[in-house]
Each structure stands twice: as C-alpha cells, then as structure tokens.
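Asker: What follows is the file upload.tsv, containing TSV, C-alpha atoms:
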chain	number	residue	atom	x	y	z
A	1	MET	CA	118.19	91.27	96.33
A	2	GLU	CA	120.15	94.46	95.99
A	3	VAL	CA	119.20	97.56	97.96
A	4	ARG	CA	118.66	99.77	94.90
A	5	THR	CA	115.98	97.47	93.50
A	6	THR	CA	114.31	97.09	96.90
A	7	GLU	CA	114.16	100.87	97.37
A	8	LEU	CA	112.69	101.23	93.89
A	9	VAL	CA	109.98	98.63	94.54
A	10	GLU	CA	109.05	100.23	97.85
A	11	ALA	CA	108.92	103.69	96.27
A	12	ILE	CA	106.70	102.53	93.40
A	13	LEU	CA	104.29	100.54	95.56
A	14	SER	CA	104.07	102.96	98.50
A	15	PRO	CA	101.17	105.01	97.03
A	16	TYR	CA	99.10	101.82	96.93
A	17	ALA	CA	100.07	100.53	100.39
A	18	ALA	CA	96.71	101.43	101.96
A	19	LYS	CA	94.99	98.65	99.99
A	20	ASP	CA	94.99	95.47	102.10
A	21	ALA	CA	95.79	93.15	99.18
A	22	ILE	CA	98.93	95.10	98.30
A	23	ARG	CA	100.95	93.34	101.05
A	24	GLY	CA	100.48	90.02	99.26
A	25	TYR	CA	101.05	91.62	95.87
A	26	ARG	CA	104.26	93.29	97.11
A	27	ASN	CA	105.67	89.90	98.05
A	28	HIS	CA	104.56	88.49	94.68
A	29	VAL	CA	106.56	91.30	93.05
A	30	TYR	CA	109.65	90.38	95.07
A	31	ARG	CA	109.24	86.69	94.27
A	32	VAL	CA	108.97	87.38	90.54
A	33	ILE	CA	112.04	89.61	90.65
A	34	SER	CA	113.94	86.92	92.56
A	35	PHE	CA	112.96	84.24	90.05
A	36	CYS	CA	114.02	86.50	87.14
A	37	HIS	CA	117.44	86.80	88.80
A	38	GLU	CA	117.61	83.01	89.08
A	39	LEU	CA	116.67	82.46	85.43
A	40	TYR	CA	118.95	85.00	83.80
A	41	GLN	CA	122.13	86.96	84.50
A	42	LEU	CA	120.71	90.48	84.42
A	43	SER	CA	122.64	93.68	83.73
A	44	GLU	CA	122.01	96.64	86.05
A	45	GLU	CA	119.67	98.23	83.50
A	46	GLU	CA	117.78	94.95	83.06
A	47	LYS	CA	117.39	94.66	86.84
A	48	LEU	CA	115.73	98.07	86.92
A	49	LYS	CA	113.45	97.21	83.99
A	50	ILE	CA	112.43	93.93	85.65
A	51	ALA	CA	111.76	95.68	88.96
A	52	ILE	CA	109.59	98.33	87.30
A	53	ALA	CA	107.70	95.77	85.21
A	54	ALA	CA	107.20	93.58	88.29
A	55	CYS	CA	105.72	96.46	90.27
A	56	PHE	CA	103.15	97.26	87.62
A	57	HIS	CA	102.44	93.91	85.93
A	58	ASP	CA	99.30	93.04	87.96
A	59	LEU	CA	98.71	96.38	89.67
A	60	GLY	CA	95.63	97.15	87.56
A	61	ILE	CA	93.77	94.43	89.51
A	62	TYR	CA	93.89	96.73	92.54
A	63	THR	CA	93.77	100.18	90.97
A	64	ALA	CA	91.08	99.52	88.34
A	65	SER	CA	89.25	96.78	90.29
A	66	THR	CA	89.18	94.46	87.30
A	67	PHE	CA	90.43	91.08	86.20
A	68	ASP	CA	91.00	92.56	82.73
A	69	TYR	CA	93.99	94.31	84.26
A	70	LEU	CA	96.67	94.35	81.56
A	71	PRO	CA	95.65	97.66	79.92
A	72	PRO	CA	95.40	99.58	83.23
A	73	SER	CA	98.66	98.02	84.43
A	74	ILE	CA	100.44	99.08	81.23
A	75	GLU	CA	99.01	102.60	81.57
A	76	LEU	CA	100.29	102.88	85.16
A	77	ALA	CA	103.75	101.74	84.01
A	78	ARG	CA	103.71	104.15	81.06
A	79	ASN	CA	102.84	107.07	83.34
A	80	TYR	CA	105.59	106.11	85.79
A	81	LEU	CA	108.19	105.79	83.04
A	82	ASN	CA	107.25	109.12	81.48
A	83	ASP	CA	107.24	110.87	84.86
A	84	ASN	CA	110.73	109.53	85.59
A	85	ASP	CA	112.35	110.27	82.22
A	86	LEU	CA	112.40	106.58	81.30
A	87	GLY	CA	110.01	106.82	78.37
A	88	ALA	CA	112.49	105.00	76.11
A	89	TRP	CA	111.76	101.83	78.10
A	90	THR	CA	107.98	102.03	77.62
A	91	ALA	CA	107.64	99.62	74.68
A	92	GLU	CA	109.74	96.89	76.32
A	93	ILE	CA	108.10	97.17	79.74
A	94	ALA	CA	104.63	97.33	78.17
A	95	SER	CA	105.49	94.14	76.26
A	96	ILE	CA	106.70	92.43	79.45
A	97	ILE	CA	103.42	93.26	81.17
A	98	ASP	CA	101.24	92.43	78.16
A	99	GLU	CA	102.88	89.04	77.49
A	100	HIS	CA	103.45	87.77	81.02
A	101	HIS	CA	100.47	85.36	80.90
A	102	ARG	CA	101.25	83.87	77.51
A	103	PHE	CA	101.06	80.07	77.46
A	104	ARG	CA	103.66	79.59	74.76
A	105	ARG	CA	107.20	80.88	74.66
A	106	VAL	CA	107.54	84.50	73.58
A	107	ASP	CA	109.41	84.52	70.26
A	108	SER	CA	111.17	87.82	70.96
A	109	GLY	CA	112.72	86.21	74.04
A	110	GLY	CA	114.77	88.55	76.19
A	111	LEU	CA	113.30	90.06	79.32
A	112	VAL	CA	109.75	89.36	78.15
A	113	GLU	CA	110.39	85.62	78.19
A	114	VAL	CA	112.40	85.69	81.43
A	115	PHE	CA	109.59	87.58	83.16
A	116	ARG	CA	106.91	85.26	81.75
A	117	LYS	CA	108.73	82.24	83.16
A	118	ALA	CA	109.40	83.88	86.54
A	119	ASP	CA	105.76	84.91	86.96
A	120	LEU	CA	104.64	81.36	86.13
A	121	VAL	CA	106.99	79.94	88.76
A	122	ASP	CA	105.27	82.09	91.36
A	123	PHE	CA	101.73	81.79	90.01
A	124	SER	CA	102.05	77.98	90.05
A	125	LEU	CA	103.30	78.11	93.66
A	126	GLY	CA	106.57	76.59	92.46
A	127	PHE	CA	104.98	73.63	90.67
A	128	VAL	CA	106.48	74.93	87.41
A	129	LYS	CA	110.13	75.75	88.07
A	130	HIS	CA	111.69	76.40	84.64
A	131	GLY	CA	114.95	74.94	85.93
A	132	ILE	CA	115.10	76.85	89.23
A	133	PRO	CA	116.09	74.42	91.99
A	134	ARG	CA	113.26	73.48	94.35
A	135	THR	CA	115.35	74.65	97.29
A	136	LYS	CA	115.69	78.13	95.76
A	137	VAL	CA	111.95	78.36	95.08
A	138	SER	CA	111.28	77.38	98.71
A	139	GLU	CA	113.85	79.88	99.98
A	140	VAL	CA	112.26	82.74	98.03
A	141	ARG	CA	108.76	81.74	99.14
A	142	LEU	CA	109.91	81.71	102.77
A	143	GLU	CA	111.56	85.11	102.46
A	144	PHE	CA	108.47	86.61	100.77
A	145	PRO	CA	105.42	84.72	102.06
A	146	ASN	CA	102.18	84.62	100.10
A	147	LEU	CA	100.11	86.74	102.53
A	148	GLY	CA	96.89	85.84	100.73
A	149	PHE	CA	98.03	86.86	97.24
A	150	HIS	CA	96.75	83.74	95.48
A	151	ARG	CA	93.54	83.67	97.55
A	152	ASN	CA	92.82	87.30	96.60
A	153	LEU	CA	93.57	86.55	92.96
A	154	ALA	CA	91.12	83.63	93.03
A	155	ARG	CA	88.44	85.85	94.61
A	156	VAL	CA	88.85	88.57	91.95
A	157	ALA	CA	88.91	85.96	89.16
A	158	GLY	CA	85.79	84.24	90.53
A	159	ARG	CA	83.83	87.50	90.57
A	160	TRP	CA	85.00	88.29	87.01
A	161	ILE	CA	84.04	84.86	85.67
A	162	CYS	CA	80.52	85.15	87.12
A	163	ARG	CA	80.03	88.51	85.40
A	164	HIS	CA	81.84	87.65	82.14
A	165	PRO	CA	81.25	83.94	81.40
A	166	PHE	CA	82.12	84.37	77.70
A	167	ASN	CA	85.45	86.05	78.50
A	168	PRO	CA	86.47	84.22	81.68
A	169	VAL	CA	90.21	84.93	81.69
A	170	PRO	CA	90.97	87.99	79.54
A	171	VAL	CA	94.65	88.13	80.56
A	172	LEU	CA	95.61	84.73	79.10
A	173	LYS	CA	97.19	84.54	75.65
A	174	TRP	CA	98.36	81.67	73.50
Transcribe the structure of this file into structure tokens.

Answerer:
Amino acid sequence: MEVRTTELVEAILSPYAAKDAIRGYRNHVYRVISFCHELYQLSEEEKLKIAIAACFHDLGIYTASTFDYLPPSIELARNYLNDNDLGAWTAEIASIIDEHHRFRRVDSGGLVEVFRKADLVDFSLGFVKHGIPRTKVSEVRLEFPNLGFHRNLARVAGRWICRHPFNPVPVLKW
C-alpha cells in the first residue's frame, strides 16, 4: 500500500486510537483498502476516496456505541470531508458507507460496488473472494491480522440483537 494512503489512514484514525477495539478496526480498514486495490485499478483520487470511506465505514460502532452505525459513520465522514475541503466527495463517500452491507450488487457500480465486495471479502474472513486469489487474501490477512475485530463485532451485534429483537441487523440491505 502506498505511503500517502497509509499516512491518511493513520491521521484519520489517530483521534480514536485510545479505544481498545480500534486496533482491530484499523487492520480491517487496511484489509478492505487492500482488497479494493485487488478488485479494481484505482486512480489516485479513487484511492483517496476509498481510504477515507474505509476509515469511516464502521467507525460509528465505536464512537456512537451502536450497531445501527451507518448514520453516525456517515456523519463522521461528512464532517471530515467538510473540514478538509473535500465536501464535493460527500455524496459518493456517504453512498459507499451506506451501501457497503448490501446483499445484492449495487446498480450504480463504481467505487460503491468495489467497496461492498472488498468489505465482504474481509467480513467473510476470505470465504467470499470475488475473484481475489486465495493466496492474496491470505497475504493481506497476514500483513494486517484480525486482532479481535470479528470477535468485537460479534459482541456488539449480540448485545444489539438482545435489545432490538425486531430490528436485529439494521445495517443490512437487500
């Protein structure tokens, strides 16, 4: 992964570093970015958009302490983009975040679909590969180990489901 993107990810996530679960989330961010790069030949601007979206896509889990984390994640991204004179990217990055747990293909395609696929590769622990070679998935997972990311996600989801049995997984879309 290129230095510019790595520096950006570290800068965005550094204010949240005190939270224990962020270490695992940070590596999830890097894995998703890596899988996006494997799925699609990204321009420099697209690499930056993917890196920003990756940083914020699940961050609301930790900042808002909720499993209904898409709205707070989008709000964090929107604030970051506006604060950094990137407001023109808000709609696209908000769409990437909002659609990243869609079961079916995203009709608009583009970065939204690439990101959706990349996140699923990581969420499924590489079971779903979307054409990425198994060796590449393993290489990325070795470089950026899980560090309890999936275990923490299961814990947060379990608490949510107990409290909201009629809305067990609010982030999933058809």

Asker: Of the residues A:Leu48, A:Leu147, A:Ala154, A:Ala54, which is the one nearest to Asp20 in chain A, using only C-alpha atoms?

Answerer: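 Ranked by minimum distance to Asp20 in chain A, first place goes to A:Leu147.
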
Asker: Using only C-alpha atoms, can you tell me which of A:Ser65, A:Asp119, A:Leu13, A:Val169 comes closest to Tyr80 in chain A?

Answerer: A:Leu13

Asker: Would you list the contacts of Ala88 in chain A as a list in words, taking every protein, DNA or RNA residue within 12 Å and counting all atoms listed in the file, but skipping same-chain residues closer than 6 positions in sequence?

Answerer: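 Returned residues: Lys49, Arg78, Tyr80, Leu81, Asn82 and Ala94 of chain A.
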
Asker: Considering all atoms listed in the file, can you say which of A:Arg26, A:Arg151, A:His57, A:Lys117 comes closest to Tyr40 in chain A?

Answerer: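 Of A:Arg26, A:Arg151, A:His57, A:Lys117, the one nearest Tyr40 in chain A, counting all atoms listed in the file, is A:Lys117.
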
Asker: Report, in Å with one decimal, the straight-line distance from CA of Gly87 in chain A to CA of Arg105 in chain A.

Answerer: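 Between these atoms lies a distance of 26.4 Å.
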
Asker: Give me the residues near Phe103 in chain A as an MDAnalysis selection string, where near means some atom within 10 Å (using only C-alpha atoms) and where sequence neighbours in that chain fewer than 5 positions away do not count.

Answerer: chainID A and resid 116:117 120 172:174

Asker: Go through A:Asp85, A:Asp107, A:Glu143, A:Glu7 one by one, measure the shortest atom-to-atom distance of each to Cys55 in chain A using all atoms listed in the file, and give the residue with the smallest value.

Answerer: A:Glu7

Asker: Counting only C-alpha atoms, what is within 9 Å of Gly148 in chain A, bar same-chain residues fewer than 4 positions away, as an mmCIF file with C-alpha atoms, in the coordinates of the input?

Answerer:
data_model
loop_
_atom_site.group_PDB
_atom_site.id
_atom_site.type_symbol
_atom_site.label_atom_id
_atom_site.label_comp_id
_atom_site.auth_asym_id
_atom_site.auth_seq_id
_atom_site.Cartn_x
_atom_site.Cartn_y
_atom_site.Cartn_z
ATOM 1 C CA ALA A 21 95.790 93.150 99.180
ATOM 2 C CA ARG A 23 100.950 93.340 101.050
ATOM 3 C CA GLY A 24 100.480 90.020 99.260
ATOM 4 C CA TYR A 25 101.050 91.620 95.870
ATOM 5 C CA ASN A 152 92.820 87.300 96.600
ATOM 6 C CA LEU A 153 93.570 86.550 92.960
#

Asker: Give me, please, the distance in Å between CA of Val171 in chain A and CA of Phe149 in chain A, quoted to one decimal.

Answerer: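 Atom-to-atom, CA of Val171 in chain A to CA of Phe149 in chain A, that is 17.1 Å.
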
Asker: Could you check how far CA of Ile52 in chain A sits from CA of Lys19 in chain A, in Å to one decimal?

Answerer: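 According to the coordinates, CA of Ile52 in chain A and CA of Lys19 in chain A are separated by 19.3 Å.
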
Asker: Counting all atoms listed in the file, which of A:Thr135, A:Thr66, A:Ser108, A:Asn84 gets nearest to Arg155 in chain A?

Answerer: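 Once distances to Arg155 in chain A are computed over all atoms listed in the file, the minimum belongs to A:Thr66.
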
Asker: My list of candidates is A:Val9, A:Trp160, A:Arg31, A:Glu75. Which is closest to Ser138 in chain A when distances are computed with all atoms listed in the file?

Answerer: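 Selected residue with least distance to Ser138 in chain A: A:Arg31.
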
Asker: Might you pull out every residue within 10 Å of Val121 in chain A, with all atoms listed in the file counted and same-chain residues fewer than 2 positions away left off, and present them as a list in words?

Answerer: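 Skipping anything fewer than 2 positions along the chain leaves Arg31, Val32, Phe35, Cys36, Phe115, Arg116, Lys117, Ala118, Asp119, Phe123, Ser124, Leu125, Gly126, Phe127, Val128, Lys129, His130, Gly131, Ile132 and Val137 of chain A.
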
Asker: Compile the contact shell of Ile96 in chain A as a PyMOL selection string: residues with an atom at most 10 Å away, counting all atoms listed in the file, same-chain residues fewer than 5 positions apart removed.

Answerer: chain A and resi 49-50+53-54+57+74+90-91+101+106+110-116

Asker: Take every atom of range 137-146 of chain A listed in the file, fit an axis-aligned box around them, add 6 Å per side, and give the centre and edge lengths in Å to one decimal as lines of an AutoDock Vina configuration file.

Answerer:
center_x = 108.0
center_y = 82.0
center_z = 98.9
size_x = 23.7
size_y = 21.2
size_z = 19.7
